[in-house]
>>> print(open('data.csv').read())   # CSV, C-alpha atoms
chain,number,residue,atom,x,y,z
A,169,MET,CA,0.0,0.0,0.0
A,170,ASN,CA,1.4,3.4,-1.0
A,171,HIS,CA,0.3,6.0,1.4
A,172,GLU,CA,0.5,8.7,-1.2
A,173,CYS,CA,-1.7,6.7,-3.6
A,174,PRO,CA,-4.4,5.1,-1.4
A,175,GLY,CA,-7.4,3.3,-2.8
A,176,PRO,CA,-8.5,-0.2,-3.7
A,177,ALA,CA,-6.1,-2.7,-5.2
A,178,LEU,CA,-6.0,-2.9,-9.0
A,179,PRO,CA,-8.2,-5.8,-10.2
A,180,CYS,CA,-7.1,-9.1,-11.7
A,181,ASP,CA,-7.0,-8.9,-15.4
A,182,ARG,CA,-9.6,-10.6,-17.6
A,183,GLY,CA,-7.8,-10.6,-21.0
A,184,PRO,CA,-5.0,-8.8,-22.9
A,185,VAL,CA,-6.5,-5.3,-22.8
A,186,SER,CA,-7.2,-5.2,-19.1
A,187,ALA,CA,-3.9,-6.9,-18.4
A,188,ALA,CA,-2.0,-4.2,-20.3
A,189,VAL,CA,-4.0,-1.4,-18.7
A,190,THR,CA,-3.3,-2.6,-15.2
A,191,ALA,CA,0.4,-3.3,-16.1
A,192,TYR,CA,0.7,0.2,-17.5
A,193,LEU,CA,-0.7,1.6,-14.2
A,194,ARG,CA,1.7,-0.5,-12.2
A,195,GLY,CA,4.6,0.8,-14.4
A,196,THR,CA,5.5,-2.6,-15.6
A,197,GLY,CA,4.3,-2.7,-19.2
A,198,PRO,CA,3.2,-0.8,-22.3
A,199,LEU,CA,-0.3,0.4,-23.2
A,200,PRO,CA,-2.6,-2.2,-24.8
A,201,ARG,CA,-2.0,-2.8,-28.5
A,202,ALA,CA,-4.6,-1.2,-30.8
A,203,GLU,CA,-5.4,-4.6,-32.4
A,204,ASP,CA,-6.2,-6.1,-29.0
A,205,ALA,CA,-8.6,-3.2,-28.1
A,206,ASP,CA,-10.2,-3.6,-31.6
A,207,ALA,CA,-10.7,-7.3,-31.1
A,208,ALA,CA,-12.2,-7.2,-27.6
A,209,HIS,CA,-15.9,-7.9,-27.4
A,210,PRO,CA,-17.6,-4.6,-26.6
A,211,TYR,CA,-19.6,-6.0,-23.7
A,212,GLY,CA,-17.1,-8.6,-22.7
A,213,ASP,CA,-15.1,-8.9,-19.5
A,214,ASP,CA,-11.8,-7.7,-20.9
A,215,LEU,CA,-13.0,-4.5,-22.5
A,216,GLN,CA,-15.5,-3.6,-19.7
A,217,LEU,CA,-12.9,-4.1,-17.0
A,218,ALA,CA,-10.2,-2.1,-18.9
A,219,LEU,CA,-12.7,0.7,-19.3
A,220,TYR,CA,-13.8,0.5,-15.7
A,221,VAL,CA,-10.2,0.8,-14.6
A,222,CYS,CA,-9.7,3.9,-16.8
A,223,TYR,CA,-12.8,5.5,-15.4
A,224,GLU,CA,-12.1,4.7,-11.8
A,225,LEU,CA,-9.0,7.0,-12.1
A,226,HIS,CA,-11.5,9.8,-12.2
A,227,TYR,CA,-13.2,8.7,-9.0
A,228,ARG,CA,-10.9,7.4,-6.3
A,229,GLY,CA,-8.1,5.7,-8.2
A,230,PHE,CA,-6.2,2.6,-7.1
A,231,ALA,CA,-3.6,1.8,-4.5
A,232,GLY,CA,-0.1,2.5,-5.7
A,233,VAL,CA,-1.3,4.3,-8.9
A,234,GLY,CA,-0.2,7.9,-9.2
A,235,PRO,CA,-3.0,10.4,-9.5
A,236,GLN,CA,-1.4,11.9,-12.6
A,237,TYR,CA,-2.5,8.8,-14.6
A,238,GLU,CA,-6.0,10.3,-14.6
A,239,TRP,CA,-4.9,12.6,-17.4
A,240,ASP,CA,-2.2,10.4,-19.0
A,241,PRO,CA,-2.6,11.2,-22.8
A,242,GLY,CA,-1.7,7.7,-23.9
A,243,LEU,CA,-4.1,6.1,-21.5
A,244,LEU,CA,-6.9,8.6,-22.5
A,245,GLY,CA,-6.3,7.5,-26.1
A,246,VAL,CA,-6.8,3.9,-25.2
A,247,ARG,CA,-9.9,4.8,-23.2
A,248,ALA,CA,-11.3,6.7,-26.2
A,249,ALA,CA,-10.8,3.6,-28.4
A,250,LEU,CA,-12.6,1.4,-25.8
A,251,GLU,CA,-15.4,4.0,-25.5
A,252,HIS,CA,-15.8,4.0,-29.2
A,253,ARG,CA,-16.3,0.3,-29.3
A,254,PHE,CA,-18.7,0.3,-26.4
A,255,LEU,CA,-20.8,3.3,-27.6
A,256,SER,CA,-20.9,2.1,-31.2
A,257,ALA,CA,-22.2,-1.3,-30.0
A,258,LEU,CA,-24.8,0.3,-27.9
A,259,ARG,CA,-26.0,2.5,-30.7
A,260,ALA,CA,-26.3,-0.5,-33.0
A,261,ASP,CA,-27.8,-2.9,-30.4
A,262,THR,CA,-30.2,-0.8,-28.3
A,263,PRO,CA,-33.8,-1.3,-29.2
A,264,GLY,CA,-34.8,2.3,-29.4
A,265,HIS,CA,-38.2,4.0,-29.1
A,266,ASP,CA,-39.4,6.3,-31.8
A,267,SER,CA,-39.6,9.3,-29.6
A,268,LEU,CA,-38.6,10.5,-26.1
A,269,ASP,CA,-42.3,10.5,-25.1
A,270,ASP,CA,-42.6,6.8,-26.1
A,271,ALA,CA,-39.4,6.0,-24.2
A,272,LEU,CA,-40.7,7.7,-21.0
A,273,ALA,CA,-44.2,6.3,-21.4
A,274,ALA,CA,-42.8,2.7,-21.5
A,275,LEU,CA,-41.1,3.3,-18.1
A,276,LEU,CA,-44.2,4.8,-16.5
A,277,VAL,CA,-46.3,1.7,-16.6
A,278,GLU,CA,-46.0,-1.3,-14.2
A,279,PRO,CA,-46.2,-4.8,-15.5
A,280,VAL,CA,-48.8,-6.8,-13.6
A,281,HIS,CA,-46.7,-9.9,-13.8
A,282,GLY,CA,-43.1,-8.7,-13.8
A,283,THR,CA,-40.3,-11.1,-14.4
A,284,GLY,CA,-37.2,-9.0,-13.6
A,285,VAL,CA,-34.6,-9.5,-10.9
A,286,SER,CA,-36.4,-7.5,-8.3
A,287,HIS,CA,-39.6,-9.6,-8.8
A,288,TYR,CA,-37.5,-12.8,-8.5
A,289,LEU,CA,-35.7,-11.6,-5.3
A,290,ARG,CA,-39.1,-10.4,-3.8
A,291,ASP,CA,-40.8,-13.7,-4.5
A,292,GLU,CA,-38.1,-16.4,-4.1
A,293,GLY,CA,-34.7,-14.7,-3.5
A,294,GLU,CA,-32.5,-16.3,-0.9
A,295,LEU,CA,-30.1,-14.5,1.3
A,296,TRP,CA,-27.1,-15.7,-0.6
A,297,GLN,CA,-28.6,-14.2,-3.8
A,298,LEU,CA,-29.3,-10.9,-2.0
A,299,ARG,CA,-25.7,-10.8,-0.8
A,300,GLU,CA,-24.5,-11.4,-4.4
A,301,TYR,CA,-26.8,-8.7,-5.7
A,302,ALA,CA,-25.6,-6.2,-3.1
A,303,ALA,CA,-21.9,-7.1,-3.7
A,304,GLN,CA,-22.3,-6.4,-7.5
A,305,ARG,CA,-24.4,-3.3,-7.1
A,306,SER,CA,-21.9,-1.9,-4.6
A,307,LEU,CA,-19.7,-0.9,-7.5
A,308,TYR,CA,-22.3,1.8,-8.2
A,309,HIS,CA,-24.0,2.3,-4.9
A,310,LEU,CA,-20.8,3.1,-3.0
A,311,LYS,CA,-20.4,6.0,-5.4
A,312,GLU,CA,-24.2,6.5,-5.8
A,313,ALA,CA,-25.0,9.7,-7.8
A,314,ASP,CA,-21.3,10.6,-8.3
A,315,PRO,CA,-21.2,9.8,-12.1
A,316,HIS,CA,-24.2,12.1,-12.6
A,317,ALA,CA,-22.4,15.1,-10.9
A,318,TRP,CA,-20.3,15.6,-14.0
A,319,VAL,CA,-23.4,16.8,-16.0
A,320,LEU,CA,-24.0,19.7,-13.6
A,321,PRO,CA,-21.6,22.2,-15.4
A,322,ARG,CA,-23.2,21.2,-18.7
A,323,LEU,CA,-26.7,22.3,-17.5
A,324,TRP,CA,-28.0,25.6,-16.6
A,325,GLY,CA,-31.2,27.3,-15.4
A,326,ARG,CA,-34.1,25.0,-14.4
A,327,ALA,CA,-32.4,21.8,-15.4
A,328,LYS,CA,-29.3,22.6,-13.3
A,329,ALA,CA,-31.2,23.7,-10.3
A,330,ALA,CA,-33.4,20.6,-10.3
A,331,MET,CA,-30.4,18.3,-11.0
A,332,ALA,CA,-28.5,19.8,-8.1
A,333,ALA,CA,-31.5,19.5,-5.8
A,334,VAL,CA,-31.8,15.8,-6.6
A,335,GLU,CA,-28.1,15.2,-6.2
A,336,PHE,CA,-28.1,17.0,-2.9
A,337,ASP,CA,-30.8,14.6,-1.7
A,338,GLU,CA,-28.7,11.6,-3.0
A,339,TRP,CA,-25.8,12.9,-1.0
A,340,GLY,CA,-27.7,13.1,2.3
A,341,ALA,CA,-29.0,16.7,2.1
A,342,GLY,CA,-26.0,17.9,4.1
A,343,ARG,CA,-25.9,14.9,6.6
A,344,ALA,CA,-23.1,12.4,6.2
A,345,GLU,CA,-25.0,9.6,7.8
A,346,ARG,CA,-27.8,10.0,5.2
A,347,VAL,CA,-25.6,10.0,2.1
A,348,HIS,CA,-27.0,7.2,0.0
A,349,ALA,CA,-23.6,5.6,-0.4
A,350,GLN,CA,-23.4,5.4,3.4
A,351,LEU,CA,-26.9,3.9,3.6
A,352,PHE,CA,-25.8,1.3,1.1
A,353,ALA,CA,-22.7,0.6,3.2
A,354,ASP,CA,-25.0,0.1,6.2
A,355,LEU,CA,-27.0,-2.4,4.0
A,356,MET,CA,-23.8,-4.2,3.2
A,357,THR,CA,-23.0,-4.5,6.9
A,358,ASP,CA,-26.4,-6.1,7.6
A,359,LEU,CA,-25.6,-8.6,4.8
A,360,GLY,CA,-22.2,-9.4,6.2
A,361,LEU,CA,-20.4,-7.8,3.3
A,362,ASP,CA,-17.1,-5.8,3.3
A,363,THR,CA,-18.0,-2.1,2.8
A,364,THR,CA,-14.5,-1.2,1.5
A,365,TYR,CA,-14.7,0.8,-1.7
A,366,GLY,CA,-13.9,-1.3,-4.7
A,367,ARG,CA,-13.8,-4.6,-2.7
A,368,TYR,CA,-16.0,-6.5,-5.1
A,369,LEU,CA,-14.6,-5.3,-8.4
A,370,ASP,CA,-13.0,-8.7,-9.0
A,371,ALA,CA,-16.3,-10.4,-8.2
A,372,ALA,CA,-18.5,-8.3,-10.5
A,373,SER,CA,-19.7,-9.6,-13.9
A,374,ALA,CA,-19.1,-7.9,-17.2
A,375,GLU,CA,-22.8,-7.1,-17.3
A,376,LEU,CA,-22.6,-5.2,-14.1
A,377,LEU,CA,-19.4,-3.4,-15.2
A,378,ALA,CA,-21.2,-2.3,-18.4
A,379,VAL,CA,-24.0,-0.8,-16.3
A,380,VAL,CA,-21.6,1.3,-14.3
A,381,ASN,CA,-19.4,2.2,-17.3
A,382,LEU,CA,-22.4,3.6,-19.1
A,383,MET,CA,-22.9,6.2,-16.3
A,384,SER,CA,-19.2,7.2,-16.5
A,385,LEU,CA,-19.2,7.3,-20.3
A,386,PHE,CA,-22.3,9.6,-20.3
A,387,GLY,CA,-21.1,11.7,-17.4
A,388,LEU,CA,-17.6,12.4,-18.7
A,389,HIS,CA,-18.6,13.5,-22.1
A,390,ARG,CA,-20.4,16.9,-22.5
A,391,GLU,CA,-21.4,15.6,-25.9
A,392,LEU,CA,-23.5,12.9,-24.1
A,393,ARG,CA,-25.2,15.2,-21.6
A,394,GLY,CA,-28.6,14.4,-23.0
A,395,ALA,CA,-27.9,10.7,-22.7
A,396,LEU,CA,-26.7,11.2,-19.1
A,397,VAL,CA,-30.0,13.0,-18.3
A,398,GLY,CA,-32.0,10.2,-20.0
A,399,HIS,CA,-30.0,7.6,-18.0
A,400,PHE,CA,-30.7,9.4,-14.8
A,401,ALA,CA,-34.4,9.6,-15.6
A,402,ALA,CA,-34.5,5.9,-16.3
A,403,VAL,CA,-32.9,5.1,-13.0
A,404,GLU,CA,-35.1,7.4,-11.0
A,405,ILE,CA,-38.4,6.4,-12.8
A,406,THR,CA,-37.8,2.7,-12.3
A,407,SER,CA,-36.3,2.9,-8.9
A,408,SER,CA,-39.4,3.3,-6.7
A,409,PRO,CA,-41.3,0.1,-7.7
A,410,GLY,CA,-38.1,-1.9,-7.9
A,411,SER,CA,-36.9,-0.7,-4.5
A,412,ARG,CA,-40.2,-1.7,-3.0
A,413,ARG,CA,-39.8,-5.2,-4.2
A,414,LEU,CA,-36.2,-5.3,-2.9
A,415,ALA,CA,-37.3,-3.9,0.5
A,416,GLU,CA,-39.8,-6.7,0.6
A,417,ALA,CA,-37.1,-9.2,-0.3
A,418,MET,CA,-34.9,-7.9,2.6
A,419,ARG,CA,-37.8,-8.1,5.0
A,420,ARG,CA,-38.8,-11.6,4.0
A,421,THR,CA,-35.2,-12.9,4.4
A,422,GLY,CA,-34.6,-11.0,7.6
A,423,ALA,CA,-31.6,-9.3,6.1
A,424,GLY,CA,-31.7,-6.5,8.7
A,425,PRO,CA,-33.1,-3.0,9.4
A,426,ALA,CA,-30.4,-1.1,7.4
A,427,ALA,CA,-30.9,-3.4,4.4
A,428,GLU,CA,-34.6,-2.7,4.5
A,429,PHE,CA,-34.1,1.0,5.1
A,430,PHE,CA,-31.9,1.5,2.1
A,431,TYR,CA,-34.7,0.4,-0.3
A,432,ASP,CA,-37.5,1.9,1.7
A,433,GLU,CA,-35.8,5.2,1.5
A,434,HIS,CA,-35.5,4.8,-2.3
A,435,VAL,CA,-39.2,4.1,-2.7
A,436,GLU,CA,-40.1,7.5,-1.2
A,437,ALA,CA,-37.1,9.5,-2.4
A,438,ASP,CA,-37.2,8.3,-6.0
A,439,ALA,CA,-41.0,8.9,-6.3
A,440,VAL,CA,-40.1,12.6,-5.8
A,441,HIS,CA,-36.9,12.4,-7.9
A,442,GLU,CA,-38.6,11.0,-10.9
A,443,GLN,CA,-41.1,13.9,-10.9
A,444,VAL,CA,-38.3,16.4,-10.6
A,445,VAL,CA,-36.1,14.8,-13.2
A,446,ARG,CA,-39.0,14.4,-15.8
A,447,HIS,CA,-40.5,17.8,-15.4
A,448,ASP,CA,-37.5,20.0,-14.5
A,449,VAL,CA,-34.3,18.3,-15.6
A,450,ILE,CA,-35.5,16.9,-18.9
A,451,GLY,CA,-38.1,19.7,-19.3
A,452,GLY,CA,-35.5,22.3,-18.5
A,453,LEU,CA,-32.8,20.8,-20.7
A,454,LEU,CA,-35.1,20.4,-23.7
A,455,ALA,CA,-36.5,24.0,-23.3
A,456,GLU,CA,-32.9,25.2,-23.8
A,457,GLU,CA,-31.7,22.4,-26.2
A,458,PRO,CA,-34.6,20.8,-27.9
A,459,HIS,CA,-32.3,19.0,-30.4
A,460,LEU,CA,-31.1,16.8,-27.5
A,461,ALA,CA,-34.4,14.9,-27.3
A,462,PRO,CA,-33.1,11.8,-29.2
A,463,ASP,CA,-30.0,11.7,-27.0
A,464,VAL,CA,-32.2,11.7,-23.9
A,465,ALA,CA,-34.3,8.8,-25.4
A,466,PHE,CA,-31.0,7.0,-26.2
A,467,GLY,CA,-29.8,7.3,-22.6
A,468,ILE,CA,-33.1,5.8,-21.4
A,469,ASP,CA,-33.1,3.0,-23.9
A,470,ALA,CA,-29.4,2.1,-23.5
A,471,THR,CA,-29.9,2.0,-19.7
A,472,GLY,CA,-32.8,-0.4,-20.1
A,473,PHE,CA,-30.8,-2.5,-22.6
A,474,LEU,CA,-27.8,-3.0,-20.3
A,475,GLU,CA,-30.0,-3.5,-17.1
A,476,ASP,CA,-31.9,-6.2,-19.0
A,477,ARG,CA,-28.7,-7.9,-19.9
A,478,LEU,CA,-27.6,-7.8,-16.3
A,479,GLY,CA,-30.9,-9.1,-15.1
A,480,GLU,CA,-30.9,-12.0,-17.6
A,481,ARG,CA,-27.4,-13.0,-16.5
A,482,LEU,CA,-28.2,-12.9,-12.8
A,483,LEU,CA,-31.4,-14.9,-13.2
A,484,ALA,CA,-29.7,-17.4,-15.5
A,485,ASP,CA,-27.0,-18.1,-12.9
A,486,TRP,CA,-29.4,-18.2,-10.0
A,487,ARG,CA,-32.0,-20.4,-11.6
A,488,ALA,CA,-29.2,-22.8,-12.4
A,489,GLY,CA,-28.2,-22.7,-8.8
A,490,ARG,CA,-24.9,-21.0,-9.7
A,491,SER,CA,-23.2,-18.0,-8.2
A,492,SER,CA,-23.4,-14.9,-10.3
A,493,LEU,CA,-20.0,-13.8,-9.1
A,494,ARG,CA,-16.5,-14.4,-10.5
A,495,ALA,CA,-15.1,-14.8,-7.0
A,496,PRO,CA,-17.0,-16.4,-4.1
A,497,LEU,CA,-18.1,-14.2,-1.2
A,498,ALA,CA,-16.7,-14.9,2.3
A,499,GLU,CA,-19.3,-16.4,4.6
A,500,ALA,CA,-21.4,-13.8,6.4
A,501,ALA,CA,-20.0,-12.7,9.7
A,502,ALA,CA,-21.7,-14.3,12.7
A,503,HIS,CA,-23.5,-11.1,13.8
A,504,SER,CA,-25.5,-10.8,10.6
A,505,ARG,CA,-26.8,-14.3,10.3
B,11,MET,CA,-38.9,35.7,-7.0
B,12,PRO,CA,-38.7,37.3,-3.5
B,13,ASN,CA,-38.5,40.8,-4.8
B,14,ASP,CA,-41.7,40.5,-6.8
B,15,PRO,CA,-44.5,41.8,-4.6
B,16,SER,CA,-47.1,39.9,-6.6
B,17,GLU,CA,-45.6,36.6,-5.4
B,18,THR,CA,-45.6,37.4,-1.7
B,19,THR,CA,-48.3,37.0,0.9
B,20,PRO,CA,-49.6,39.8,3.0
B,21,ARG,CA,-47.2,38.7,5.7
B,22,GLY,CA,-44.3,39.1,3.3
B,23,ALA,CA,-43.4,35.4,3.1
B,24,PRO,CA,-43.1,34.0,-0.5
B,25,ALA,CA,-46.1,32.0,-1.5
B,26,ARG,CA,-45.5,28.3,-1.4
B,27,ARG,CA,-45.8,26.6,-4.8
B,28,VAL,CA,-47.9,23.5,-5.0
B,29,THR,CA,-47.7,21.5,-8.3
B,30,MET,CA,-50.9,19.6,-9.2
B,31,GLN,CA,-51.1,16.8,-11.8
B,32,ARG,CA,-54.2,14.9,-12.8
B,33,GLN,CA,-52.2,11.7,-13.0
B,34,GLY,CA,-49.7,11.8,-10.2
B,35,PRO,CA,-48.9,13.2,-6.8
B,36,ILE,CA,-49.1,16.7,-5.6
B,37,LEU,CA,-45.7,18.2,-5.3
B,38,VAL,CA,-44.9,20.6,-2.5
B,39,ASP,CA,-41.6,22.2,-1.5
B,40,GLY,CA,-40.4,20.7,1.8
B,41,PRO,CA,-40.1,20.5,4.7
B,42,VAL,CA,-43.7,19.5,5.1
B,43,GLU,CA,-45.8,18.3,8.0
B,44,VAL,CA,-48.9,16.4,7.1
B,45,GLU,CA,-51.8,16.0,9.5
B,46,LEU,CA,-53.7,12.8,8.9
B,47,GLU,CA,-57.4,12.0,9.5
B,48,ASP,CA,-56.7,10.5,12.9
B,49,GLY,CA,-55.0,13.6,14.1
B,50,THR,CA,-51.4,12.2,13.9
B,51,THR,CA,-48.8,14.0,12.0
B,52,VAL,CA,-45.9,12.9,9.8
B,53,SER,CA,-43.2,15.0,8.4
B,54,SER,CA,-40.6,15.1,5.6
B,55,ASP,CA,-37.7,17.4,5.2
B,56,ARG,CA,-37.0,16.5,1.6
B,57,PHE,CA,-36.5,19.5,-0.7
B,58,ARG,CA,-39.7,18.5,-2.5
B,59,VAL,CA,-42.3,16.2,-1.3
B,60,ALA,CA,-44.7,14.1,-3.4
B,61,LEU,CA,-48.1,13.6,-1.7
B,62,CYS,CA,-50.3,10.7,-2.8
B,63,THR,CA,-53.6,11.6,-4.4
B,64,CYS,CA,-54.6,8.1,-5.8
B,65,ARG,CA,-54.9,6.7,-2.3
B,66,ARG,CA,-53.1,3.5,-3.4
B,67,SER,CA,-49.7,4.3,-1.8
B,68,ARG,CA,-48.5,1.9,0.7
B,69,ARG,CA,-46.5,4.7,2.2
B,70,TYR,CA,-49.4,7.1,2.4
B,71,PRO,CA,-49.4,10.1,2.5
B,72,TRP,CA,-46.2,9.9,0.5
B,73,CYS,CA,-46.3,8.9,-3.1
B,74,ASP,CA,-44.8,5.5,-3.9
B,75,THR,CA,-45.7,5.5,-7.6
B,76,SER,CA,-48.6,3.2,-7.1
B,77,HIS,CA,-50.7,5.5,-9.3
B,78,ARG,CA,-48.9,4.1,-12.4
B,79,LYS,CA,-51.0,2.2,-14.9
B,80,ARG,CA,-50.6,-1.5,-14.7
B,81,VAL,CA,-50.4,-3.4,-17.9
>>> encode(input="data.csv", output="C-alpha cells")
Amino acid sequence: MNHECPGPALPCDRGPVSAAVTAYLRGTGPLPRAEDADAAHPYGDDLQLALYVCYELHYRGFAGVGPQYEWDPGLLGVRAALEHRFLSALRADTPGHDSLDDALAALLVEPVHGTGVSHYLRDEGELWQLREYAAQRSLYHLKEADPHAWVLPRLWGRAKAAMAAVEFDEWGAGRAERVHAQLFADLMTDLGLDTTYGRYLDAASAELLAVVNLMSLFGLHRELRGALVGHFAAVEITSSPGSRRLAEAMRRTGAGPAAEFFYDEHVEADAVHEQVVRHDVIGGLLAEEPHLAPDVAFGIDATGFLEDRLGERLLADWRAGRSSLRAPLAEAAAHSR
Amino acid sequence: MPNDPSETTPRGAPARRVTMQRQGPILVDGPVEVELEDGTTVSSDRFRVALCTCRRSRRYPWCDTSHRKRV
C-alpha cells in the first residue's frame, strides 16, 4: 500500500487489454495494443474491466497508482478507443423507441406480472442471492449519484437547479449519515459484506461493469449530456417500484433493518426524484436544447438494454443454482446471520 | 422571486408553490408536516415532497408511484 496513492487494489485482469492497462498503471508494461482493443468484445469482461479501470481513475483511483494517470494522454487514447467500441455497439444494439415521449411512457407503466430481478428476489430470492446482488451493485452504490455530478456544469437554469437538488438529496442533504452511499454501506454490513470501496470489483460480472461504465461514459462527455440525463431519468423512474420489491425481499429474508431501510428510503425519495427529473431536468434541458431529445431517449433505452442484460445474467445463474460472481463471497459474519 | 410583490403573501413570506397533476402526486416544497385524518402528523424534510392523491400508496401520505397504470 502506497500512502501517497491510497485506494482499492488494482483488479485481476480478464484478458489482454485489461492486463495491459493494469500493467501500465503499475509501471510494468506498455499500453494495450490497438489490435487487442479492436478485437475485444464490446460487452465482454476484458473491455469492460479495462474501461472500468480507466474511469475509476476519475473517482478514487487505485492503491499505488499515481493520480497523474487520470490525465495520461496515452491512456486517454486507449480509453477513447474502448469507449468508441462500447458506444458504437450500444447505438447498434439498443432497441430504441421512436420518440422520447414513447421511451418515457414505457417506463411509466408497471407490469402486472413482472419477471425482472427485483420480482425474483421479492418472491423467491434467498439470502445468498441478495448478498451477491448487493456485492455487485456496490460498484455503483458506494459512489451513488457521483457519475451524474459531471453533468452539472453542462446544464443551466431550471435543469441545473433541479439536477443539483436531486443530487443534494442523494448525498444526504447535508448529513453524512444519510448519504445514499453510506446507507448502502449500512445495508452491506447487515448482509455481512465488506464495505471497503472497490472490494467487489474482481467479483463483478461484465454485465454489471457495463451498467456502471455507461454512467461514467455519459457523465464524462459533454457531448453525451442528453444521454446522461436520460439515463438518470430511467434510473429514477424505475427505482421506486423496484426498490419496494427489494425492500420486501430484505424483510422476507430477515436481512436486517439497514438493508430494509436503504430500499424503503429509495421508494419514497425516487417517487419525488422521478417527478423532478422528468419535469424540470428533462423539461428544462429540452427547453434550452430541444435537439437533445433523441439523446435523452437513447440514454433511457441504453440503460434499459444494459440493465436487462444484467438481469438476464443474474437470473440465468441463480435459476441454475450457480453463483453470479466471478469470485466467491466470504461467509457472512456471525452477527449478521 | 422574493422581490416581486405579486408573489408574496400579505405577511411578506413568499407563496409556497404546489404543483398539481391529474395523473400523479401533488408536489410541495419541503419541509412538510402532514396532519392525517386520525390527528397524527408525519413530516418530511426532503427539498420537495410528493403527496399521494390516488390513495393507493403503501407509504401514504407519501407517493410510492402506485398511481402508475398496470399493464
>>> residues_around(input="data.csv", residues="Arg56 in chain B", least_positions_apart="5", cutoff="12 Å", atoms="only C-alpha atoms", output="PyMOL selection string")
(chain A and resi 333-338+340-342+346+433+436-441) or (chain B and resi 37-43+61+72)
>>> interface_residues(input="data.csv", of="chain A", to="chain B", cutoff="7 Å", atoms="only C-alpha atoms", output="list of chain:residue names")
A:Leu276, A:Val277, A:Glu278, A:Pro279, A:Val280, A:Ser408, A:Pro409, A:Val435, A:Glu436, A:Ala439, A:Val440
>>> atom_distance(input="data.csv", atom1="CA of Gly467 in chain A", atom2="CA of Leu396 in chain A")
6.1 Å
>>> closest_residue(input="data.csv", among="A:Val189, A:Ser267, A:Glu203, A:Tyr288", to="Asp240 in chain A", atoms="only C-alpha atoms")
A:Val189
>>> residues_near_point(input="data.csv", point="(-20.9, 4.2, -19.6)", cutoff="12 Å", atoms="all atoms listed in the file", output="compact mmCIF listing (two decimals) with C-alpha atoms, keeping the file's coordinate frame")
# COMPACT_ATOMS: atom_id res chain seq x y z
CA PRO A 210 -17.60 -4.60 -26.60
CA TYR A 211 -19.60 -6.00 -23.70
CA GLN A 216 -15.50 -3.60 -19.70
CA LEU A 217 -12.90 -4.10 -17.00
CA LEU A 219 -12.70 0.70 -19.30
CA TYR A 220 -13.80 0.50 -15.70
CA CYS A 222 -9.70 3.90 -16.80
CA TYR A 223 -12.80 5.50 -15.40
CA GLU A 224 -12.10 4.70 -11.80
CA ARG A 247 -9.90 4.80 -23.20
CA ALA A 248 -11.30 6.70 -26.20
CA LEU A 250 -12.60 1.40 -25.80
CA GLU A 251 -15.40 4.00 -25.50
CA HIS A 252 -15.80 4.00 -29.20
CA ARG A 253 -16.30 0.30 -29.30
CA PHE A 254 -18.70 0.30 -26.40
CA LEU A 255 -20.80 3.30 -27.60
CA SER A 256 -20.90 2.10 -31.20
CA ALA A 257 -22.20 -1.30 -30.00
CA LEU A 258 -24.80 0.30 -27.90
CA TYR A 308 -22.30 1.80 -8.20
CA PRO A 315 -21.20 9.80 -12.10
CA HIS A 316 -24.20 12.10 -12.60
CA GLU A 375 -22.80 -7.10 -17.30
CA LEU A 376 -22.60 -5.20 -14.10
CA LEU A 377 -19.40 -3.40 -15.20
CA ALA A 378 -21.20 -2.30 -18.40
CA VAL A 379 -24.00 -0.80 -16.30
CA VAL A 380 -21.60 1.30 -14.30
CA ASN A 381 -19.40 2.20 -17.30
CA LEU A 382 -22.40 3.60 -19.10
CA MET A 383 -22.90 6.20 -16.30
CA SER A 384 -19.20 7.20 -16.50
CA LEU A 385 -19.20 7.30 -20.30
CA PHE A 386 -22.30 9.60 -20.30
CA GLY A 387 -21.10 11.70 -17.40
CA LEU A 388 -17.60 12.40 -18.70
CA HIS A 389 -18.60 13.50 -22.10
CA LEU A 392 -23.50 12.90 -24.10
CA ARG A 393 -25.20 15.20 -21.60
CA ALA A 395 -27.90 10.70 -22.70
CA LEU A 396 -26.70 11.20 -19.10
CA HIS A 399 -30.00 7.60 -18.00
CA GLY A 467 -29.80 7.30 -22.60
CA ALA A 470 -29.40 2.10 -23.50
CA THR A 471 -29.90 2.00 -19.70
CA LEU A 474 -27.80 -3.00 -20.30
